[in-house]
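Asker: Below is the file start27.txt, which contains compact mmCIF, N, CA and C atoms.
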```
# COMPACT_ATOMS: atom_id res chain seq x y z
N THR N 12 -31.98 80.18 282.88
CA THR N 12 -30.81 81.03 282.93
C THR N 12 -31.20 82.39 283.50
N GLU N 13 -30.68 82.65 284.64
CA GLU N 13 -30.99 83.91 285.32
C GLU N 13 -30.05 85.00 284.81
N PRO N 14 -30.59 86.16 284.44
CA PRO N 14 -29.74 87.20 283.87
C PRO N 14 -28.66 87.70 284.83
N GLU N 15 -28.92 87.66 286.11
CA GLU N 15 -27.93 88.14 287.06
C GLU N 15 -26.89 87.08 287.41
N GLY N 16 -27.25 85.79 287.26
CA GLY N 16 -26.30 84.70 287.49
C GLY N 16 -25.54 84.83 288.79
N TRP N 17 -24.25 84.94 288.69
CA TRP N 17 -23.38 84.99 289.86
C TRP N 17 -23.65 86.18 290.76
N ARG N 18 -24.23 87.23 290.23
CA ARG N 18 -24.53 88.40 291.05
C ARG N 18 -25.63 88.11 292.08
N ALA N 19 -26.41 87.05 291.83
CA ALA N 19 -27.49 86.68 292.75
C ALA N 19 -26.99 85.84 293.93
N VAL N 20 -25.73 85.40 293.90
CA VAL N 20 -25.18 84.59 294.98
C VAL N 20 -25.02 85.45 296.22
N ILE N 21 -25.47 84.92 297.35
CA ILE N 21 -25.33 85.64 298.62
C ILE N 21 -24.56 84.80 299.61
N PHE N 22 -24.00 85.43 300.61
CA PHE N 22 -23.27 84.75 301.67
C PHE N 22 -24.19 84.63 302.87
N CYS N 23 -24.23 83.45 303.45
CA CYS N 23 -25.02 83.23 304.66
C CYS N 23 -24.06 82.87 305.79
N SER N 24 -24.30 83.40 306.96
CA SER N 24 -23.37 83.16 308.06
C SER N 24 -23.85 82.09 309.04
N THR N 25 -25.07 81.60 308.87
CA THR N 25 -25.57 80.54 309.76
C THR N 25 -26.22 79.44 308.93
N ILE N 26 -26.27 78.24 309.50
CA ILE N 26 -26.95 77.15 308.82
C ILE N 26 -28.43 77.48 308.66
N ALA N 27 -29.03 78.05 309.69
CA ALA N 27 -30.46 78.40 309.62
C ALA N 27 -30.74 79.32 308.44
N GLU N 28 -29.94 80.33 308.27
CA GLU N 28 -30.12 81.28 307.17
C GLU N 28 -29.90 80.59 305.82
N THR N 29 -28.96 79.67 305.79
CA THR N 29 -28.61 78.98 304.55
C THR N 29 -29.71 78.06 304.07
N VAL N 30 -30.35 77.32 304.98
CA VAL N 30 -31.28 76.25 304.57
C VAL N 30 -32.76 76.59 304.75
N HIS N 31 -33.09 77.77 305.24
CA HIS N 31 -34.49 78.07 305.58
C HIS N 31 -35.46 77.90 304.42
N ASP N 32 -34.99 78.05 303.18
CA ASP N 32 -35.89 77.85 302.04
C ASP N 32 -35.31 76.87 301.01
N ALA N 33 -34.41 76.01 301.47
CA ALA N 33 -33.77 75.04 300.57
C ALA N 33 -34.71 73.89 300.23
N HIS N 34 -34.55 73.36 299.04
CA HIS N 34 -35.30 72.18 298.62
C HIS N 34 -34.47 70.91 298.81
N PHE N 35 -33.14 71.08 298.76
CA PHE N 35 -32.22 69.96 298.86
C PHE N 35 -30.93 70.49 299.48
N VAL N 36 -30.34 69.71 300.41
CA VAL N 36 -29.09 70.10 301.04
C VAL N 36 -28.11 68.94 300.92
N GLN N 37 -26.90 69.23 300.46
CA GLN N 37 -25.84 68.22 300.38
C GLN N 37 -24.82 68.55 301.47
N GLU N 38 -24.76 67.71 302.49
CA GLU N 38 -23.79 67.89 303.58
C GLU N 38 -22.53 67.13 303.23
N SER N 39 -21.38 67.79 303.33
CA SER N 39 -20.10 67.16 302.97
C SER N 39 -18.99 67.57 303.93
N VAL N 40 -19.25 67.48 305.22
CA VAL N 40 -18.22 67.80 306.21
C VAL N 40 -17.37 66.57 306.48
N LEU N 41 -16.35 66.75 307.29
CA LEU N 41 -15.43 65.65 307.63
C LEU N 41 -16.17 64.44 308.18
N GLU N 42 -15.53 63.28 308.08
CA GLU N 42 -16.09 62.02 308.58
C GLU N 42 -15.92 61.93 310.10
N ALA N 43 -16.46 62.88 310.80
CA ALA N 43 -16.43 62.89 312.26
C ALA N 43 -17.88 62.81 312.72
N VAL N 44 -18.24 61.70 313.36
CA VAL N 44 -19.65 61.42 313.65
C VAL N 44 -20.32 62.53 314.44
N ARG N 45 -19.70 63.04 315.47
CA ARG N 45 -20.34 64.09 316.27
C ARG N 45 -20.55 65.37 315.46
N MET N 46 -19.57 65.71 314.64
CA MET N 46 -19.70 66.91 313.82
C MET N 46 -20.83 66.74 312.79
N LYS N 47 -20.86 65.61 312.11
CA LYS N 47 -21.92 65.36 311.14
C LYS N 47 -23.29 65.38 311.81
N GLN N 48 -23.41 64.72 312.95
CA GLN N 48 -24.69 64.69 313.66
C GLN N 48 -25.12 66.09 314.07
N ARG N 49 -24.19 66.88 314.57
CA ARG N 49 -24.53 68.24 315.00
C ARG N 49 -24.99 69.09 313.82
N ILE N 50 -24.26 69.04 312.73
CA ILE N 50 -24.59 69.86 311.57
C ILE N 50 -25.89 69.39 310.92
N VAL N 51 -26.04 68.08 310.74
CA VAL N 51 -27.25 67.56 310.10
C VAL N 51 -28.47 67.82 310.98
N SER N 52 -28.32 67.70 312.29
CA SER N 52 -29.47 67.98 313.16
C SER N 52 -29.85 69.46 313.12
N GLU N 53 -28.87 70.33 312.96
CA GLU N 53 -29.19 71.76 312.83
C GLU N 53 -29.88 72.03 311.49
N ILE N 54 -29.43 71.39 310.44
CA ILE N 54 -30.12 71.52 309.15
C ILE N 54 -31.55 71.02 309.30
N ASP N 55 -31.72 69.88 309.98
CA ASP N 55 -33.04 69.29 310.20
C ASP N 55 -33.97 70.26 310.94
N ARG N 56 -33.45 71.00 311.89
CA ARG N 56 -34.26 71.94 312.66
C ARG N 56 -34.71 73.14 311.83
N HIS N 57 -33.91 73.54 310.85
CA HIS N 57 -34.16 74.81 310.16
C HIS N 57 -34.65 74.70 308.72
N ALA N 58 -34.48 73.56 308.11
CA ALA N 58 -34.92 73.40 306.71
C ALA N 58 -36.41 73.10 306.66
N PRO N 59 -37.06 73.45 305.57
CA PRO N 59 -38.49 73.10 305.42
C PRO N 59 -38.68 71.58 305.54
N PRO N 60 -39.83 71.13 305.99
CA PRO N 60 -40.08 69.70 306.20
C PRO N 60 -39.87 68.82 304.97
N SER N 61 -40.06 69.36 303.79
CA SER N 61 -39.93 68.55 302.57
C SER N 61 -38.50 68.48 302.02
N THR N 62 -37.57 69.16 302.67
CA THR N 62 -36.19 69.19 302.20
C THR N 62 -35.47 67.88 302.49
N LEU N 63 -34.84 67.30 301.46
CA LEU N 63 -33.97 66.14 301.67
C LEU N 63 -32.60 66.64 302.09
N ILE N 64 -31.98 65.92 303.01
CA ILE N 64 -30.64 66.25 303.49
C ILE N 64 -29.74 65.07 303.14
N ALA N 65 -28.88 65.25 302.15
CA ALA N 65 -27.99 64.17 301.72
C ALA N 65 -26.67 64.27 302.48
N THR N 66 -26.28 63.18 303.12
CA THR N 66 -25.01 63.14 303.80
C THR N 66 -23.99 62.43 302.93
N SER N 67 -22.84 63.05 302.81
CA SER N 67 -21.75 62.46 302.05
C SER N 67 -20.85 61.74 303.04
N SER N 68 -21.11 60.48 303.24
CA SER N 68 -20.37 59.71 304.23
C SER N 68 -19.93 58.39 303.64
N SER N 69 -18.67 58.06 303.82
CA SER N 69 -18.18 56.82 303.25
C SER N 69 -18.22 55.67 304.24
N TYR N 70 -18.22 55.96 305.54
CA TYR N 70 -18.28 54.85 306.49
C TYR N 70 -19.31 55.04 307.60
N LEU N 71 -19.92 56.20 307.69
CA LEU N 71 -20.97 56.41 308.68
C LEU N 71 -22.32 56.15 308.01
N SER N 72 -23.15 55.37 308.66
CA SER N 72 -24.45 55.05 308.05
C SER N 72 -25.39 56.25 308.10
N ARG N 73 -26.36 56.25 307.19
CA ARG N 73 -27.38 57.29 307.13
C ARG N 73 -28.09 57.40 308.47
N SER N 74 -28.45 56.26 309.06
CA SER N 74 -29.20 56.29 310.32
C SER N 74 -28.34 56.81 311.48
N LEU N 75 -27.04 56.54 311.47
CA LEU N 75 -26.17 57.06 312.51
C LEU N 75 -26.04 58.58 312.38
N VAL N 76 -25.90 59.06 311.18
CA VAL N 76 -25.81 60.51 310.96
C VAL N 76 -27.10 61.19 311.39
N ALA N 77 -28.25 60.55 311.14
CA ALA N 77 -29.56 61.13 311.46
C ALA N 77 -29.97 60.95 312.92
N LEU N 78 -29.18 60.26 313.70
CA LEU N 78 -29.56 59.89 315.06
C LEU N 78 -29.96 61.08 315.94
N LYS N 79 -29.36 62.22 315.77
CA LYS N 79 -29.65 63.39 316.60
C LYS N 79 -30.74 64.29 316.02
N CYS N 80 -31.27 63.93 314.87
CA CYS N 80 -32.33 64.74 314.24
C CYS N 80 -33.63 64.52 315.00
N THR N 81 -34.27 65.61 315.37
CA THR N 81 -35.50 65.52 316.16
C THR N 81 -36.75 65.87 315.36
N GLU N 82 -36.57 66.47 314.19
CA GLU N 82 -37.73 66.91 313.39
C GLU N 82 -38.16 65.82 312.41
N TYR N 83 -37.33 65.54 311.42
CA TYR N 83 -37.68 64.61 310.34
C TYR N 83 -36.47 63.74 309.99
N PRO N 84 -36.06 62.83 310.86
CA PRO N 84 -34.84 62.04 310.60
C PRO N 84 -34.91 61.20 309.33
N ASP N 85 -36.11 60.83 308.88
CA ASP N 85 -36.22 60.01 307.67
C ASP N 85 -35.89 60.75 306.39
N ARG N 86 -35.73 62.06 306.47
CA ARG N 86 -35.35 62.80 305.26
C ARG N 86 -33.85 62.86 305.06
N VAL N 87 -33.09 62.34 306.03
CA VAL N 87 -31.64 62.25 305.87
C VAL N 87 -31.35 61.05 304.98
N VAL N 88 -30.62 61.29 303.89
CA VAL N 88 -30.33 60.26 302.90
C VAL N 88 -28.83 60.21 302.65
N THR N 89 -28.38 59.14 302.03
CA THR N 89 -26.98 59.04 301.64
C THR N 89 -26.83 59.52 300.21
N GLY N 90 -25.95 60.47 300.02
CA GLY N 90 -25.57 60.95 298.70
C GLY N 90 -24.06 61.12 298.73
N HIS N 91 -23.35 60.04 298.45
CA HIS N 91 -21.89 60.04 298.65
C HIS N 91 -21.14 59.83 297.34
N PRO N 92 -20.43 60.87 296.89
CA PRO N 92 -19.59 60.70 295.70
C PRO N 92 -18.30 59.97 296.08
N SER N 93 -17.71 59.29 295.11
CA SER N 93 -16.41 58.69 295.39
C SER N 93 -15.38 59.82 295.35
N LEU N 94 -14.50 59.81 294.43
CA LEU N 94 -13.52 60.91 294.31
C LEU N 94 -13.77 61.63 292.99
N PRO N 95 -14.56 62.70 293.03
CA PRO N 95 -14.98 63.37 291.80
C PRO N 95 -13.84 63.78 290.87
N ALA N 96 -12.67 64.04 291.42
CA ALA N 96 -11.54 64.42 290.57
C ALA N 96 -11.08 63.24 289.72
N TRP N 97 -11.39 62.00 290.16
CA TRP N 97 -10.91 60.81 289.46
C TRP N 97 -12.00 60.04 288.74
N ASP N 98 -13.20 60.06 289.26
CA ASP N 98 -14.29 59.30 288.63
C ASP N 98 -15.62 60.00 288.89
N LYS N 99 -16.68 59.40 288.42
CA LYS N 99 -17.99 60.04 288.51
C LYS N 99 -19.00 59.12 289.18
N PHE N 100 -18.59 58.39 290.22
CA PHE N 100 -19.49 57.48 290.91
C PHE N 100 -20.17 58.17 292.09
N MET N 101 -21.43 57.83 292.30
CA MET N 101 -22.21 58.37 293.40
C MET N 101 -23.01 57.25 294.03
N GLU N 102 -22.87 57.07 295.33
CA GLU N 102 -23.68 56.10 296.08
C GLU N 102 -24.90 56.81 296.62
N VAL N 103 -26.06 56.18 296.51
CA VAL N 103 -27.28 56.79 297.04
C VAL N 103 -28.10 55.77 297.81
N LEU N 104 -28.74 56.25 298.86
CA LEU N 104 -29.67 55.43 299.63
C LEU N 104 -30.60 56.37 300.40
N GLY N 105 -31.88 56.26 300.15
CA GLY N 105 -32.86 57.02 300.90
C GLY N 105 -33.41 56.17 302.03
N SER N 106 -34.29 56.76 302.81
CA SER N 106 -34.95 55.97 303.86
C SER N 106 -36.19 55.28 303.28
N SER N 107 -36.47 55.55 302.00
CA SER N 107 -37.55 54.87 301.29
C SER N 107 -37.09 54.60 299.86
N ARG N 108 -37.75 53.68 299.21
CA ARG N 108 -37.42 53.37 297.81
C ARG N 108 -37.65 54.59 296.93
N GLU N 109 -38.71 55.35 297.23
CA GLU N 109 -39.01 56.56 296.45
C GLU N 109 -37.87 57.58 296.54
N GLN N 110 -37.33 57.77 297.74
CA GLN N 110 -36.20 58.70 297.90
C GLN N 110 -34.98 58.20 297.13
N THR N 111 -34.69 56.90 297.23
CA THR N 111 -33.54 56.35 296.52
C THR N 111 -33.69 56.55 295.02
N ALA N 112 -34.87 56.30 294.49
CA ALA N 112 -35.11 56.48 293.05
C ALA N 112 -34.93 57.94 292.65
N TRP N 113 -35.42 58.87 293.46
CA TRP N 113 -35.27 60.29 293.15
C TRP N 113 -33.79 60.68 293.17
N LEU N 114 -33.06 60.22 294.19
CA LEU N 114 -31.62 60.52 294.27
C LEU N 114 -30.88 59.98 293.06
N SER N 115 -31.23 58.78 292.64
CA SER N 115 -30.59 58.16 291.48
C SER N 115 -30.84 59.00 290.24
N SER N 116 -32.06 59.46 290.05
CA SER N 116 -32.39 60.30 288.91
C SER N 116 -31.68 61.65 289.00
N PHE N 117 -31.69 62.25 290.18
CA PHE N 117 -31.06 63.56 290.36
C PHE N 117 -29.57 63.51 290.06
N TYR N 118 -28.87 62.62 290.72
CA TYR N 118 -27.41 62.56 290.54
C TYR N 118 -27.03 61.98 289.18
N GLY N 119 -27.84 61.05 288.67
CA GLY N 119 -27.54 60.45 287.38
C GLY N 119 -27.93 61.33 286.22
N ALA N 120 -29.23 61.50 286.01
CA ALA N 120 -29.72 62.26 284.86
C ALA N 120 -29.39 63.75 284.95
N GLN N 121 -29.56 64.34 286.13
CA GLN N 121 -29.36 65.78 286.26
C GLN N 121 -27.89 66.18 286.41
N CYS N 122 -27.11 65.37 287.11
CA CYS N 122 -25.71 65.73 287.38
C CYS N 122 -24.71 64.96 286.54
N GLY N 123 -25.18 63.94 285.82
CA GLY N 123 -24.29 63.19 284.94
C GLY N 123 -23.35 62.22 285.63
N LEU N 124 -23.72 61.76 286.82
CA LEU N 124 -22.87 60.82 287.54
C LEU N 124 -23.33 59.39 287.31
N VAL N 125 -22.44 58.45 287.51
CA VAL N 125 -22.79 57.03 287.48
C VAL N 125 -23.26 56.68 288.88
N VAL N 126 -24.51 56.32 289.02
CA VAL N 126 -25.12 56.13 290.34
C VAL N 126 -25.16 54.66 290.72
N ILE N 127 -24.78 54.41 291.96
CA ILE N 127 -24.89 53.08 292.56
C ILE N 127 -25.97 53.18 293.62
N GLU N 128 -27.10 52.51 293.38
CA GLU N 128 -28.19 52.51 294.35
C GLU N 128 -27.93 51.43 295.39
N LEU N 129 -27.76 51.84 296.62
CA LEU N 129 -27.56 50.88 297.70
C LEU N 129 -28.91 50.31 298.11
N CYS N 130 -28.93 49.06 298.51
CA CYS N 130 -30.16 48.41 298.95
C CYS N 130 -30.30 48.43 300.47
N LYS N 131 -29.20 48.67 301.16
CA LYS N 131 -29.22 48.74 302.61
C LYS N 131 -28.01 49.55 303.05
N GLU N 132 -28.03 49.96 304.29
CA GLU N 132 -26.90 50.71 304.83
C GLU N 132 -25.67 49.83 304.86
N SER N 133 -24.53 50.45 304.62
CA SER N 133 -23.27 49.70 304.68
C SER N 133 -22.21 50.61 305.28
N TYR N 134 -21.17 50.01 305.74
CA TYR N 134 -20.06 50.77 306.33
C TYR N 134 -18.89 50.69 305.37
N GLY N 135 -18.46 51.81 304.91
CA GLY N 135 -17.39 51.87 303.94
C GLY N 135 -17.93 52.12 302.55
N HIS N 136 -17.12 52.70 301.72
CA HIS N 136 -17.48 53.03 300.36
C HIS N 136 -17.71 51.74 299.58
N VAL N 137 -18.76 51.70 298.76
CA VAL N 137 -19.10 50.50 297.99
C VAL N 137 -17.94 50.09 297.08
N LEU N 138 -17.19 51.06 296.57
CA LEU N 138 -16.05 50.71 295.70
C LEU N 138 -14.98 49.93 296.46
N ASN N 139 -14.95 50.04 297.78
CA ASN N 139 -13.99 49.27 298.56
C ASN N 139 -14.35 47.78 298.56
N TRP N 140 -15.59 47.46 298.26
CA TRP N 140 -16.05 46.08 298.27
C TRP N 140 -15.83 45.38 296.95
N LEU N 141 -15.51 46.14 295.91
CA LEU N 141 -15.34 45.55 294.56
C LEU N 141 -13.98 44.92 294.41
```
As structure tokens, please, write out the structure in this file.

Answerer:
Amino acid sequence: TEPEGWRAVIFCSTIAETVHDAHFVQESVLEAVRMKQRIVSEIDRHAPPSTLIATSSSYLSRSLVALKCTEYPDRVVTGHPSLPAWDKFMEVLGSSREQTAWLSSFYGAQCGLVVIELCKESYGHVLNWL
């Protein structure tokens, strides 16, 4: 618990400034492939190499979103909530089993969501398949 709390929040005007020292980034822009690719590739260029970049995408695959990343495309992962106002489901998929397990623990244990670990890339929200 930081004594300054909300007073420590700052505004950043560029992606580079926002992610330059981030440990984890959750991207949640519109489901427009070119926009997601542009934003995620910019995050990839400016975030530290160990930073995971979670894309919130219901029908675009992790690999498609990461296609324009030139630095570390394997750090782009799927971290997609369903409709948080209605339920607490989160789909996760890393580019490795270790990433998927970490995402599951982060969103489940740390954030209190019900996590669905995907075994492979899919198109469309997993709840649509039920």

Asker: Looking only at the backbone, which of the residues in chain N does DSSP tag as alpha helix (DSSP H), as a PyMOL selection string?

Answerer: chain N and resi 26-30+44-57+73-76+108-116

Asker: Identify which of the residues N:Val137, N:Val40, N:Val87, N:Leu94 lies closest to N:Tyr70, counting only C-alpha atoms when measuring atom-to-atom distances.

Answerer: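 Of N:Val137, N:Val40, N:Val87, N:Leu94, the one nearest N:Tyr70 is N:Val137, counting only C-alpha atoms.
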
Asker: Of the candidates N:Val30, N:Val36, N:Val88, N:Cys23, which shows the shortest atom-to-atom distance to N:Thr111, using only N, CA and C atoms?

Answerer: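 Among the listed residues, N:Val88 lies closest to N:Thr111.
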
Asker: Check the smallest atom-to-atom distance from each of N:Leu114, N:Leu124, N:Val20, N:Cys130 to N:Leu63 using only C-alpha atoms, then report the winner.

Answerer: N:Leu114

Asker: What does the distance from atom N of N:Ser106 to atom CA of N:His91 come to in Å, to one decimal?

Answerer: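 Distance reported for this atom pair: 13.5 Å.
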
Asker: How would you write, as a list in words, the set of residues in stretch 58-115 of chain N that DSSP gives as strand (DSSP E or B)?

Answerer: Leu63, Ile64, Ala65, Thr66, Val87, Val88, Thr89, Gly90, His91, Pro92, Phe100, Met101, Glu102, Val103 and Leu104 of chain N

Asker: List the neighbours of N:Glu82 out to 6 Å using all atoms listed in the file; skip same-chain residues closer than 2 positions along the sequence, and give me the result as a list in words.

Answerer: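 Once the adjacent positions are removed, what remains is Asp55, Arg56, Cys80 and Pro84 of chain N.
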
Asker: To box stretch 112-118 of chain N, take all atoms listed in the file, fit an axis-aligned box, add 6 Å on each side, and give centre and edge lengths in Å to one decimal, as JSON.

Answerer:
```
{"center_x": -31.2, "center_y": 59.9, "center_z": 291.7, "size_x": 20.4, "size_y": 19.3, "size_z": 17.6}
```

Asker: With only N, CA and C atoms as the atoms that count, which of N:Met101, N:Ala19, N:Val51, N:Ala96 lies nearest to N:Ala77?

Answerer: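 Distance minimum relative to N:Ala77 lands on N:Val51.
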
Asker: How far is it from atom CA of N:Ala58 to atom CA of N:Glu38, in Å with one decimal?

Answerer: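 Value for the atom CA of N:Ala58-atom CA of N:Glu38 distance: 12.8 Å.
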
Asker: For atom CA of N:Ser69 and atom CA of N:Glu42, quote the distance in Å rounded to one decimal.

Answerer: 7.7 Å

Asker: For N:Ser52, which residue among N:Arg73, N:Arg86, N:Lys79, N:Lys99 is the nearest when counting only N, CA and C atoms?

Answerer: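 The answer is N:Lys79, which sits nearest to N:Ser52.
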